[in-house]
Every structure is written in C-alpha cells, then in structure tokens.
Amino acid sequence: MCITCSDTAVEVTVVELLEDELAVVDTGSTREEVSVALVEAGVGDRVLVHAGEAIARLEKS
C-alpha cells in the first residue's frame with residue numbers, strides 16, 4: 001500500500017513493449033499503457049503498477 005495516497009499496486013501482465021519506456025499491459029479486464037522506466041520488463045512478465053508506473057517485476061513461479 002502506498003503511504004502517500006493509500007492506494008495499492010495492481011498486478012498486470014506486459015503484452016507489448018512500446019517506444020519511450022512504455023508498455024501495454026493486460027489488467028485482466030482491460031488493456032492500459034503504462035511506464036516501465038523503473039523496471040526491466042519484457043512481454044509476458046508480470047509487474048506491479050501504481051499510478052501508471054510499473055514499480056516492480058514479479059518473479060516467475
């Protein structure tokens with residue numbers, strides 16, 4: 001949980017990498033464009049997104 005805004009990060013899957021450190025992600029109900037500037041992520045990776053910014057890549061199990 002974010003200590004600044006009390007919101008939580010959402011787990012999503014990267015479906016397409018775009019230019020300028022952006023990616024299209026699948027939220028499970030829709031697709032959104034987010035920044036991946038803070039993480040090294042590829043297509044198929046699961047990442048945590050908060051406020052339109054990927055903040056962590058999750059380990060594959």
# chains A, B, ... in the order shown; residues from 1 in each chain; ligands from 1

call {"tool": "residues_around", "arguments": {"residues": "Val49 of chain A", "least_positions_apart": "3", "cutoff": "12 Å", "atoms": "only C-alpha atoms", "output": "VMD selection string"}}
result
chain A and resid 1 to 2 7 to 14 23 to 27 32 to 39 41 46 52 to 58

call {"tool": "atom_distance", "arguments": {"atom1": "atom CA of Glu21 of chain A", "atom2": "atom CA of Ser6 of chain A"}}
result
26.1 Å

call {"tool": "select_by_dssp", "arguments": {"residues": "chain A", "states": "strand (DSSP E)", "output": "list in words"}}
result
Val10, Glu11, Val12, Thr13, Val14, Val15, Glu16, Leu17, Leu18, Leu22, Ala23, Val24, Val25, Asp26, Arg31, Glu32, Glu33, Val34, Ser35, Arg46, Val47, Leu48, Val49, His50, Glu53, Ala54, Ile55, Ala56 and Arg57 of chain A

call {"tool": "closest_residue", "arguments": {"among": "A:Glu59, A:Gly28, A:Gly42, A:Ala51", "to": "Cys5 of chain A", "atoms": "only C-alpha atoms"}}
result
A:Ala51
